[in-house]
Amino acid sequence: MTELSKQYNPKETESKWYEVWEKNNFFSAKAAPDKPPYTIVIPPPNVTGILHMGHALNNSIQDILIRYKKMKGFEALWMPGTDHAGIATQNVVEKTLAKEGLKRQDLGREKFIERVWEWKEKYGSTIIYQLKKLGCSCDWSRLRFTMDNDYSTAVTEVFVRLYEKKLIYQGSYIINWCPRCQTALSDEEASHSELQGHLYYLKYPLEENPQEFITVATTRPETMLGDTAVAVNPKDKRYKKYIGKVLALPLASRRIKIISDNIVDMHFGTGAVKVTPAHDPNDYALGKKHGLEFITVMTPDGKMNNMAGKYSGLDRFKAREAVLEDLKSLGCLEKIDPHTLSAGHCYRCHTIIEPYLSKQWFVKTKPLAKPAIEAVKKGRIKFYPGRWTKVYLNWMENIQDWCISRQIWWGHRLPVYYCKDCQGARSQELSAKGIIVSRAKPDKCPDCGGTDLIQDEDVLDTWFSSWLWPFATFYWPKETADLKYFYPTSTLVTGPDIIFFWVARMVMAGFEFRKQVPFKDVYIHGTIRDIEGKKMSKSLGNAIDPLEIIAEYGADALRFSLISITSQGQDVFLSKERFEQGRNFANKIWNASRFILMNLKPEAANADLRVLLNAGKLDILNRWILSRFYSTLEEVEKNLNCYKFNETANSLYSFFWHEFCDWYLELIKPQINREETQIVMYKVLEETLRLLHPFMPFITEEIRQRLPGAKVSIIQQGWPHLQAQMIDLKVENQIQSVFDIINMVRNMRAELELNPSSFIDIELALPDKQAHNIIKPLLDYIKNLAKVKNLSLSEKYIPQANQYAAVFKDMHIIMPLSGLVDTETQLKKTEGKIGKLQADIRSKETMLGNKNFTARAPAEIVEAERVKLKEMQMQIVKLEAVRNGLR
């Protein structure tokens with residue numbers, strides 16, 4: 001047992017204890033048939049990642065669960081790892097090359113990949129180091145990477161199996177294309193956002209009568225160079241006579257037909273739409289249906305190609321300006337209207353994506369989605385909060401095929417090989433000769449025996465490797481002991497932004513390759529926003545660096561502050577000042593523990609509390625704090641088991657700060673050396689530290705090791721057992737009445753502006769004799785904390801002059817004022833306060849009676865004003881009671 005320093009120093013404590021935990025393998029987990037498993041796989045951060053507040057929240061939650069379950073006796077494994085993050089990592093390395101005046105093409109594929117690996121080895125562990133600073137209890141001996149050899153084997157295996165089941169196919173379709181990254185993107189990687197653009201009305205002359213036009217409306221006039229038809233609705237009377245006629249496409253010297261299709265919206269624009277099958281998904285469908293020509297007019301980098309004629313080489317947006325200018329000079333630009341449009345953006349570089357006709361590889365997802373839908377509907381996988389179930393099911397029931405090929409160099413290369421001697425590489429049909437999907441490069445073509453084989457240049461979508469994360473991390477397809485023991489995993493903790501990218505796909509993969517759910521519970525936490533509600537980001541300049549907070553306040557303070565303000569599934573509104581709560585709480589824990597250690601006898605740690613209980617030696621105060629501790633323990637377990645982390649944190653905060661420190665430690669000071677008080681004081685502190693440990697691991701370990709009897713790490717001690725027989729609601733209510741009286745007396749002092757340290761006299765008038773008997777043994781506690789010199793009990797309240805009486809339930813609390821205050825001066829002050837409050841109340845009532853205010857102001861503002869009015873009305877009642885006593 002050693003004394004604590006006057007001030008808590010998180011910098012010294014945190015680095016010291018994390019080193020001890022790692023050195024002693026306290027985070028490791030092994031298959032243990034005699035223990036239940038509990039598994040979390042970390043959402044693997046990108047190797048390019050740097051810890052941000054979203055990471056801090058996500059990983060604090062996971063760490064709470066792992067430490068809690070480990071202390072509860074589970075073989076708890078937190079599987080760590082990082083994601084190779086194809087596009088993101090390639091972009092970072094390309095920027096590094098650009099500083100050297102180089103492009104990746106200057107190095108060639110092989111040398112460029114070497115440079116990426118070098119970058120990964122040098123910087124890829126940054127996020128791991130930062131997670132350790134946060135206190136994450138991952139089993140670091142198991143650290144995985146989505147591009148390591150064994151993991152790559154799993155990725156290849158999955159591709160081959162899906163291909164063999166005809167669930168992977170190749171085809172030319174309209175896909176989302178990023179001209180900046182020059183790769184295909186899935187729908188989820190090209191999220192749409194609204195832009196203020198324009199609707200351009202273009203006039204296409206009829207071939208038979210150039211003076212007559214069909215006007216089409218478009219948001220992308222540069223794509224007209226690839227038009228192969230104009231479509232109208234067959235029910236649209238305006239255009240019936242034109243169906244089948246031919247138009248002369250301006251600027252392109254091409255004849256295009258007017259076709260009819262029910263898909264055309266008669267009410268959009270003019271009701272006639274240009275059809276560009278190679279540059280629009282809806283037009284692609286029309287082109288296939290009506291046998292139209294597919295003309296691509298752009299290059300992969302977003303410039304116009306040779307099919308665009310004189311506009312060849314222009315950037316797509318520069319071409320737009322040139323096309324509009326030329327249409328205007330031809331009299332073919334009717335008008336331009338402002339228009340709000342929804343445009344897809346690359347999730348990495350935020351470039352506006354281009355719908356682009358391209359040969360890609362796809363996964364058929366509908367067959368994979370069926371068991372994944374069924375599992376959630378039957379409750380085999382549960383979402384917390386439950387509202388995300390509907391979001392998940394809605395997406396899964398309307399799922400589209402998944403484009404999995406990417407035109408970049410960093411990633412898992414497709415296990416697809418082409419025979420040059422057959423019909424040629426990149427044949428149009430998947431069944432064509434010369435296309436070989438294989439786990440390893442074949443020696444020869446199975447169709448012709450040729451040996452001139454080349455591998456597909458594309459790599460797989462990053463999510464194609466991470467959807468295997470829950471089982472590939474355990475070295476699947478090998479049937480390892482760890483895979484059998486730790487899979488399915490228990491809980492997935494993630495944000496709402498990757499439900500479709502990752503969560504849904506992991507469920508599909510789990511059923512396809514393991515015939516099981518990948519996890520049982522999915523906890524979706526909110527998004528970190530600034531205090532004004534804006535999403536935190538470096539670009540907006542409103543991000544708070546968690547490492548700076550750790551340096552200033554400590555990791556425990558950061559963790560506790562974040563968790564305590566994070567309601568289940570709700571967004572988190574954060575300012576730097578919020579972290580003061582966690583820092584202050586850590587200081588409170590430290591100071592209270594220091595006080596206890598300074599007054600604690602070492603033998604208290606070895607005493608058996610049950611002996612005192614059985615002998616009836618515990619007084620009401622010690623029975624009360626034990627009852628409150630076990631009531632809190634019961635509430636903590638209940639909330640943790642249903643992922644209500646902030647309610648758990650706030651329960652612990654309230655118990656330790658208010659009940660244990662503010663009340664118990666203050667009330668026991670006169671009896672602190674009694675045996676029973678020593679034992680209870682020690683027991684409650686020691687077990688509360690264990691409850692706090694998952695939330696604040698460092699400070700709890702430091703204090704626990706200073707307490708007598710510390711032999712192992714706090715995480716090895718186990719979770720306190722609930723002693724339900726010690727919960728005594730009758731005792732809790734009795735002591736609560738004492739606290740209520742003390743608070744009332746303190747408020748009465750404040751109303752009269754009395755010195756808090758001065759002693760006063762109090763009379764308690766209770767008409768109920770049973771209440772007398774309950775409160776009488778507790779009078780000393782009231783006298784002690786309320787600074788009462790003379791405290792008397794009576795059965796009836798008799799109003800008298802020169803006294804201040806307050807009512808609490810059926811009790812009157814009476815304070816004689818003779819010699820305590822200058823009644824005349826105090827009366828003037830009180831009447832002045834009443835007068836000001838009455839004026840404020842009238843003003844507030846006028847505001848709330850104004851229909852313009854209540855109708856137009858936000859509901860939360862109106863409600864806040866109503867609360868203020870109610871508080872003022874309650875305050876005036878108290879002041880009137882003071883005035884009546886002074887008269």
# chains A, B, ... in the order shown; residues from 1 in each chain; ligands from 1
$ residues_around --residues "A:Ser564" --least-positions-apart "5" --cutoff "8 Å" --atoms "only C-alpha atoms" --output "list in words"
Phe645, Asn646, Glu647, Ala649 and Asn650 of chain A
$ write_last_selection --atoms "all heavy atoms" --output "CSV table (one decimal), in the first residue's frame"
chain,number,residue,atom,x,y,z
A,645,PHE,N,-24.1,2.4,-23.5
A,645,PHE,CA,-22.8,2.8,-22.9
A,645,PHE,C,-22.9,4.1,-22.2
A,645,PHE,O,-22.3,4.2,-21.1
A,645,PHE,CB,-21.7,2.8,-24.0
A,645,PHE,CG,-21.5,1.5,-24.7
A,645,PHE,CD1,-22.1,1.3,-26.0
A,645,PHE,CD2,-20.8,0.5,-24.1
A,645,PHE,CE1,-21.9,0.1,-26.6
A,645,PHE,CE2,-20.6,-0.7,-24.7
A,645,PHE,CZ,-21.2,-0.9,-26.0
A,646,ASN,N,-23.6,5.1,-22.7
A,646,ASN,CA,-23.6,6.4,-22.0
A,646,ASN,C,-24.4,6.2,-20.7
A,646,ASN,O,-24.0,6.9,-19.7
A,646,ASN,CB,-24.1,7.5,-22.9
A,646,ASN,CG,-25.6,7.4,-23.1
A,646,ASN,OD1,-26.2,6.4,-23.4
A,646,ASN,ND2,-26.3,8.5,-22.8
A,647,GLU,N,-25.4,5.4,-20.7
A,647,GLU,CA,-26.2,5.3,-19.5
A,647,GLU,C,-25.4,4.5,-18.4
A,647,GLU,O,-25.4,4.8,-17.2
A,647,GLU,CB,-27.5,4.5,-19.8
A,647,GLU,CG,-28.5,5.3,-20.6
A,647,GLU,CD,-29.8,4.6,-20.9
A,647,GLU,OE1,-30.2,3.7,-20.1
A,647,GLU,OE2,-30.4,4.9,-21.9
A,649,ALA,N,-22.0,4.7,-18.2
A,649,ALA,CA,-21.0,5.6,-17.8
A,649,ALA,C,-21.6,6.6,-16.8
A,649,ALA,O,-21.0,7.0,-15.8
A,649,ALA,CB,-20.4,6.4,-19.0
A,650,ASN,N,-22.8,7.1,-17.1
A,650,ASN,CA,-23.4,8.1,-16.2
A,650,ASN,C,-23.9,7.5,-14.9
A,650,ASN,O,-23.9,8.2,-13.9
A,650,ASN,CB,-24.6,8.8,-17.0
A,650,ASN,CG,-24.1,9.6,-18.1
A,650,ASN,OD1,-23.0,10.2,-18.1
A,650,ASN,ND2,-24.9,9.7,-19.2
$ select_by_dssp --residues "stretch 110-277 of chain A" --states "strand (DSSP E or B)" --output "PyMOL selection string"
chain A and resi 144-145+168-178+183-185+192-206+213-218+229-232+246-249+254-260+272-275
$ write_last_selection --atoms "C-alpha atoms" --output "PDB file, in the first residue's frame"
ATOM      1  CA  ARG A 144      -3.604  -9.195 -39.675  1.00  0.00           C
ATOM      2  CA  PHE A 145      -3.311  -7.264 -42.918  1.00  0.00           C
ATOM      3  CA  ILE A 168     -18.983 -14.011 -60.685  1.00  0.00           C
ATOM      4  CA  TYR A 169     -19.191 -12.901 -64.285  1.00  0.00           C
ATOM      5  CA  GLN A 170     -17.588 -10.448 -66.684  1.00  0.00           C
ATOM      6  CA  GLY A 171     -19.497  -8.055 -68.872  1.00  0.00           C
ATOM      7  CA  SER A 172     -19.705  -4.595 -70.409  1.00  0.00           C
ATOM      8  CA  TYR A 173     -22.050  -2.393 -68.416  1.00  0.00           C
ATOM      9  CA  ILE A 174     -22.476   1.190 -67.363  1.00  0.00           C
ATOM     10  CA  ILE A 175     -20.500   1.594 -64.166  1.00  0.00           C
ATOM     11  CA  ASN A 176     -19.465   4.483 -61.933  1.00  0.00           C
ATOM     12  CA  TRP A 177     -16.119   5.702 -63.195  1.00  0.00           C
ATOM     13  CA  CYS A 178     -13.757   8.086 -61.421  1.00  0.00           C
ATOM     14  CA  THR A 183     -11.125   3.116 -61.854  1.00  0.00           C
ATOM     15  CA  ALA A 184     -14.593   1.667 -61.571  1.00  0.00           C
ATOM     16  CA  LEU A 185     -16.478   2.239 -58.319  1.00  0.00           C
ATOM     17  CA  HIS A 192     -24.734  11.109 -54.452  1.00  0.00           C
ATOM     18  CA  SER A 193     -25.027  14.671 -53.231  1.00  0.00           C
ATOM     19  CA  GLU A 194     -27.058  17.587 -54.515  1.00  0.00           C
ATOM     20  CA  LEU A 195     -25.476  20.222 -56.733  1.00  0.00           C
ATOM     21  CA  GLN A 196     -26.800  23.425 -58.172  1.00  0.00           C
ATOM     22  CA  GLY A 197     -26.487  22.849 -61.907  1.00  0.00           C
ATOM     23  CA  HIS A 198     -28.443  23.589 -65.056  1.00  0.00           C
ATOM     24  CA  LEU A 199     -30.937  21.967 -67.374  1.00  0.00           C
ATOM     25  CA  TYR A 200     -29.935  22.601 -70.973  1.00  0.00           C
ATOM     26  CA  TYR A 201     -32.628  22.541 -73.684  1.00  0.00           C
ATOM     27  CA  LEU A 202     -31.104  21.372 -76.996  1.00  0.00           C
ATOM     28  CA  LYS A 203     -32.880  21.478 -80.382  1.00  0.00           C
ATOM     29  CA  TYR A 204     -32.406  18.494 -82.710  1.00  0.00           C
ATOM     30  CA  PRO A 205     -33.678  19.191 -86.273  1.00  0.00           C
ATOM     31  CA  LEU A 206     -35.748  16.634 -88.184  1.00  0.00           C
ATOM     32  CA  PHE A 213     -37.061  20.529 -84.090  1.00  0.00           C
ATOM     33  CA  ILE A 214     -37.436  18.111 -81.227  1.00  0.00           C
ATOM     34  CA  THR A 215     -36.163  19.773 -78.054  1.00  0.00           C
ATOM     35  CA  VAL A 216     -34.518  17.600 -75.399  1.00  0.00           C
ATOM     36  CA  ALA A 217     -33.510  18.595 -71.863  1.00  0.00           C
ATOM     37  CA  THR A 218     -30.209  17.363 -70.373  1.00  0.00           C
ATOM     38  CA  ALA A 229     -31.555   8.060 -80.336  1.00  0.00           C
ATOM     39  CA  VAL A 230     -34.162  10.393 -78.847  1.00  0.00           C
ATOM     40  CA  ALA A 231     -36.873   8.712 -76.785  1.00  0.00           C
ATOM     41  CA  VAL A 232     -40.457   9.765 -76.053  1.00  0.00           C
ATOM     42  CA  VAL A 246     -35.000  10.553 -88.062  1.00  0.00           C
ATOM     43  CA  LEU A 247     -33.185  13.510 -86.513  1.00  0.00           C
ATOM     44  CA  ALA A 248     -29.926  15.128 -87.596  1.00  0.00           C
ATOM     45  CA  LEU A 249     -27.690  15.193 -84.522  1.00  0.00           C
ATOM     46  CA  ARG A 254     -25.075  11.521 -87.493  1.00  0.00           C
ATOM     47  CA  ARG A 255     -28.641  10.373 -88.097  1.00  0.00           C
ATOM     48  CA  ILE A 256     -30.531   9.195 -84.995  1.00  0.00           C
ATOM     49  CA  LYS A 257     -34.042   7.781 -84.647  1.00  0.00           C
ATOM     50  CA  ILE A 258     -36.947   8.865 -82.449  1.00  0.00           C
ATOM     51  CA  ILE A 259     -38.005   5.816 -80.426  1.00  0.00           C
ATOM     52  CA  SER A 260     -40.810   5.290 -77.918  1.00  0.00           C
ATOM     53  CA  ALA A 272     -38.295  14.026 -75.034  1.00  0.00           C
ATOM     54  CA  VAL A 273     -34.933  12.688 -73.856  1.00  0.00           C
ATOM     55  CA  LYS A 274     -31.612  12.169 -75.579  1.00  0.00           C
ATOM     56  CA  VAL A 275     -30.358   8.571 -75.397  1.00  0.00           C
TER      57      VAL A 275
END
$ select_by_dssp --residues "stretch 326-504 of chain A" --states "alpha helix (DSSP H)" --output "JSON, numbers by chain"
{"A": [326, 327, 328, 329, 330, 366, 367, 368, 369, 370, 371, 372, 373, 374, 375, 376, 377, 387, 388, 389, 390, 391, 392, 393, 394, 395, 396, 397, 462, 463, 464, 465, 466, 469, 470, 471, 472, 481, 482, 483, 484, 485, 486, 504]}
$ closest_residue --among "A:Leu97, A:Leu460, A:Ala750, A:Met847" --to "A:Ala85" --atoms "only C-alpha atoms"
A:Leu460
$ residues_around --residues "A:Ile399" --least-positions-apart "2" --cutoff "8 Å" --atoms "only C-alpha atoms" --output "JSON, numbers by chain"
{"A": [365, 366, 369, 395, 396, 397, 401]}
$ write_last_selection --atoms "N, CA, C and O atoms" --output "PDB file, in the first residue's frame"
ATOM      1  N   THR A 365     -25.342 -10.771 -56.591  1.00  0.00           N
ATOM      2  CA  THR A 365     -25.551 -10.653 -55.143  1.00  0.00           C
ATOM      3  C   THR A 365     -26.915 -11.168 -54.664  1.00  0.00           C
ATOM      4  O   THR A 365     -27.054 -11.501 -53.483  1.00  0.00           O
ATOM      5  N   LYS A 366     -27.894 -11.204 -55.522  1.00  0.00           N
ATOM      6  CA  LYS A 366     -29.235 -11.616 -55.055  1.00  0.00           C
ATOM      7  C   LYS A 366     -29.231 -13.009 -54.424  1.00  0.00           C
ATOM      8  O   LYS A 366     -29.832 -13.207 -53.356  1.00  0.00           O
ATOM      9  N   ALA A 369     -27.733 -12.707 -51.038  1.00  0.00           N
ATOM     10  CA  ALA A 369     -28.482 -11.878 -50.096  1.00  0.00           C
ATOM     11  C   ALA A 369     -29.600 -12.642 -49.386  1.00  0.00           C
ATOM     12  O   ALA A 369     -29.977 -12.281 -48.266  1.00  0.00           O
ATOM     13  N   TRP A 395     -31.963  -2.192 -48.147  1.00  0.00           N
ATOM     14  CA  TRP A 395     -30.874  -2.257 -49.124  1.00  0.00           C
ATOM     15  C   TRP A 395     -30.705  -3.673 -49.667  1.00  0.00           C
ATOM     16  O   TRP A 395     -30.547  -3.872 -50.872  1.00  0.00           O
ATOM     17  N   MET A 396     -30.755  -4.646 -48.769  1.00  0.00           N
ATOM     18  CA  MET A 396     -30.541  -6.032 -49.184  1.00  0.00           C
ATOM     19  C   MET A 396     -31.653  -6.529 -50.110  1.00  0.00           C
ATOM     20  O   MET A 396     -31.400  -7.310 -51.040  1.00  0.00           O
ATOM     21  N   GLU A 397     -32.870  -6.103 -49.865  1.00  0.00           N
ATOM     22  CA  GLU A 397     -33.991  -6.554 -50.691  1.00  0.00           C
ATOM     23  C   GLU A 397     -34.013  -5.887 -52.060  1.00  0.00           C
ATOM     24  O   GLU A 397     -34.725  -6.326 -52.958  1.00  0.00           O
ATOM     25  N   ASP A 401     -26.153  -6.033 -58.487  1.00  0.00           N
ATOM     26  CA  ASP A 401     -24.895  -6.759 -58.640  1.00  0.00           C
ATOM     27  C   ASP A 401     -23.727  -5.832 -58.313  1.00  0.00           C
ATOM     28  O   ASP A 401     -23.783  -4.621 -58.520  1.00  0.00           O
TER      29      ASP A 401
END
$ atom_distance --atom1 "atom CA of A:Gln407" --atom2 "atom CA of A:Lys433"
23.3 Å
$ closest_atom_pairs --of "stretch 37-92 of chain A" --to "stretch 528-532 of chain A" --cutoff "9 Å" --atoms "only C-alpha atoms" --output "tab-separated table"
residue	atom	partner	partner_atom	distance
A:Met53	CA	A:Ile528	CA	6.8
A:Gly54	CA	A:Ile528	CA	6.1
A:Leu57	CA	A:Ile528	CA	8.4
$ write_last_selection --atoms "N, CA and C atoms" --output "compact mmCIF listing (two decimals), in the first residue's frame"
# COMPACT_ATOMS: atom_id res chain seq x y z
N MET A 53 -11.49 11.23 -34.22
CA MET A 53 -12.46 11.04 -33.14
C MET A 53 -13.42 9.88 -33.41
N GLY A 54 -13.70 9.63 -34.69
CA GLY A 54 -14.54 8.49 -35.02
C GLY A 54 -13.87 7.18 -34.60
N LEU A 57 -13.98 6.91 -30.70
CA LEU A 57 -15.27 6.46 -30.19
C LEU A 57 -15.46 4.97 -30.49
$ residues_around --residues "stretch 835-841 of chain A" --least-positions-apart "3" --cutoff "9 Å" --atoms "only C-alpha atoms" --output "mmCIF file with N, CA, C and O atoms, in the first residue's frame"
data_model
loop_
_atom_site.group_PDB
_atom_site.id
_atom_site.type_symbol
_atom_site.label_atom_id
_atom_site.label_comp_id
_atom_site.auth_asym_id
_atom_site.auth_seq_id
_atom_site.Cartn_x
_atom_site.Cartn_y
_atom_site.Cartn_z
ATOM 1 N N THR A 830 -35.051 40.470 -0.558
ATOM 2 C CA THR A 830 -35.956 39.422 -1.040
ATOM 3 C C THR A 830 -37.066 40.013 -1.888
ATOM 4 O O THR A 830 -37.412 39.472 -2.954
ATOM 5 N N GLU A 831 -37.650 41.133 -1.438
ATOM 6 C CA GLU A 831 -38.719 41.771 -2.220
ATOM 7 C C GLU A 831 -38.192 42.287 -3.562
ATOM 8 O O GLU A 831 -38.893 42.244 -4.575
ATOM 9 N N GLY A 832 -36.936 42.739 -3.538
ATOM 10 C CA GLY A 832 -36.327 43.173 -4.800
ATOM 11 C C GLY A 832 -36.185 42.022 -5.778
ATOM 12 O O GLY A 832 -36.463 42.158 -6.976
ATOM 13 N N LYS A 844 -41.565 36.642 -20.092
ATOM 14 C CA LYS A 844 -41.507 35.286 -20.639
ATOM 15 C C LYS A 844 -42.898 34.813 -21.055
ATOM 16 O O LYS A 844 -43.063 34.170 -22.099
ATOM 17 N N GLU A 845 -43.919 35.143 -20.250
ATOM 18 C CA GLU A 845 -45.294 34.752 -20.580
ATOM 19 C C GLU A 845 -45.768 35.452 -21.845
ATOM 20 O O GLU A 845 -46.482 34.867 -22.667
ATOM 21 N N THR A 846 -45.361 36.722 -22.020
ATOM 22 C CA THR A 846 -45.711 37.464 -23.241
ATOM 23 C C THR A 846 -45.089 36.795 -24.465
ATOM 24 O O THR A 846 -45.726 36.619 -25.505
ATOM 25 N N LEU A 869 -39.466 29.386 -17.737
ATOM 26 C CA LEU A 869 -40.616 30.014 -17.078
ATOM 27 C C LEU A 869 -41.014 29.215 -15.840
ATOM 28 O O LEU A 869 -41.261 29.796 -14.766
ATOM 29 N N MET A 872 -38.571 29.808 -13.027
ATOM 30 C CA MET A 872 -38.754 31.120 -12.394
ATOM 31 C C MET A 872 -39.970 31.114 -11.472
ATOM 32 O O MET A 872 -39.953 31.712 -10.401
ATOM 33 N N GLN A 873 -41.019 30.424 -11.916
ATOM 34 C CA GLN A 873 -42.221 30.352 -11.089
ATOM 35 C C GLN A 873 -41.953 29.584 -9.790
ATOM 36 O O GLN A 873 -42.459 29.950 -8.728
ATOM 37 N N GLN A 875 -38.992 29.408 -8.353
ATOM 38 C CA GLN A 875 -38.103 30.259 -7.570
ATOM 39 C C GLN A 875 -38.879 31.329 -6.812
ATOM 40 O O GLN A 875 -38.574 31.640 -5.651
ATOM 41 N N ILE A 876 -39.911 31.858 -7.443
ATOM 42 C CA ILE A 876 -40.676 32.924 -6.779
ATOM 43 C C ILE A 876 -41.462 32.372 -5.589
ATOM 44 O O ILE A 876 -41.653 33.058 -4.583
#
$ residues_around --residues "A:Ile774" --least-positions-apart "6" --cutoff "10 Å" --atoms "only C-alpha atoms" --output "number ranges by chain"
A: 734-735, 737
$ atom_distance --atom1 "atom CA of A:Ala252" --atom2 "atom CA of A:His345"
29.2 Å
$ closest_atom_pairs --of "stretch 349-430 of chain A" --to "stretch 287-302 of chain A" --cutoff "9 Å" --atoms "only C-alpha atoms" --output "tab-separated table"
residue	atom	partner	partner_atom	distance
A:Glu354	CA	A:Gly302	CA	7.7
A:Tyr356	CA	A:Thr296	CA	7.9
A:Leu357	CA	A:Thr296	CA	7.1
$ write_last_selection --atoms "N, CA and C atoms" --output "PDB file, in the first residue's frame"
ATOM      1  N   GLU A 354     -18.282   9.638 -63.553  1.00  0.00           N
ATOM      2  CA  GLU A 354     -18.830   9.612 -64.909  1.00  0.00           C
ATOM      3  C   GLU A 354     -19.457   8.240 -65.142  1.00  0.00           C
ATOM      4  N   TYR A 356     -20.057   5.282 -67.205  1.00  0.00           N
ATOM      5  CA  TYR A 356     -19.110   4.924 -68.262  1.00  0.00           C
ATOM      6  C   TYR A 356     -19.297   3.469 -68.659  1.00  0.00           C
ATOM      7  N   LEU A 357     -19.323   3.218 -69.956  1.00  0.00           N
ATOM      8  CA  LEU A 357     -19.459   1.853 -70.467  1.00  0.00           C
ATOM      9  C   LEU A 357     -18.101   1.177 -70.403  1.00  0.00           C
TER      10      LEU A 357
END
$ residues_around --residues "A:Ile699" --least-positions-apart "2" --cutoff "9 Å" --atoms "only C-alpha atoms" --output "PyMOL selection string"
chain A and resi 8+10+13-14+556+586+589-590+689+693+696-697+701-704
$ residues_around --residues "A:Pro518" --least-positions-apart "6" --cutoff "12 Å" --atoms "only C-alpha atoms" --output "VMD selection string"
chain A and resid 39 to 41 372 375 to 376 380 to 382 467 to 472 483 486 to 492 502 to 512
$ write_last_selection --atoms "C-alpha atoms" --output "compact mmCIF listing (two decimals), in the first residue's frame"
# COMPACT_ATOMS: atom_id res chain seq x y z
CA THR A 39 -14.96 -12.25 -30.11
CA ILE A 40 -14.80 -8.86 -31.75
CA VAL A 41 -13.02 -8.26 -35.05
CA ALA A 372 -28.48 -12.77 -45.11
CA ALA A 375 -30.97 -14.22 -40.68
CA VAL A 376 -31.85 -10.65 -39.72
CA ARG A 380 -30.19 -14.39 -35.60
CA ILE A 381 -28.42 -11.06 -36.11
CA LYS A 382 -29.65 -8.09 -34.12
CA TRP A 467 -16.05 -8.78 -46.49
CA LEU A 468 -14.15 -11.94 -45.46
CA TRP A 469 -12.66 -10.32 -42.35
CA PRO A 470 -14.56 -12.25 -39.60
CA PHE A 471 -13.27 -15.64 -40.78
CA ALA A 472 -10.28 -14.91 -43.04
CA LEU A 483 -11.71 -20.54 -36.37
CA PHE A 486 -13.88 -17.93 -31.99
CA TYR A 487 -16.20 -17.93 -35.04
CA PRO A 488 -18.98 -16.82 -35.31
CA THR A 489 -17.84 -13.63 -33.65
CA SER A 490 -19.98 -11.96 -31.01
CA THR A 491 -20.35 -8.24 -31.63
CA LEU A 492 -19.54 -5.89 -34.47
CA TRP A 502 -19.10 -3.84 -45.23
CA VAL A 503 -21.70 -5.08 -42.73
CA ALA A 504 -24.19 -6.48 -45.24
CA ARG A 505 -21.45 -8.03 -47.35
CA MET A 506 -19.87 -9.74 -44.34
CA VAL A 507 -23.24 -11.32 -43.55
CA MET A 508 -23.49 -12.61 -47.14
CA ALA A 509 -19.94 -13.97 -47.02
CA GLY A 510 -20.53 -15.60 -43.64
CA PHE A 511 -23.43 -17.66 -44.96
CA GLU A 512 -21.81 -18.44 -48.31
$ closest_residue --among "A:Leu562, A:Ile596, A:Leu162, A:Leu330" --to "A:Asn673" --atoms "only C-alpha atoms"
A:Ile596
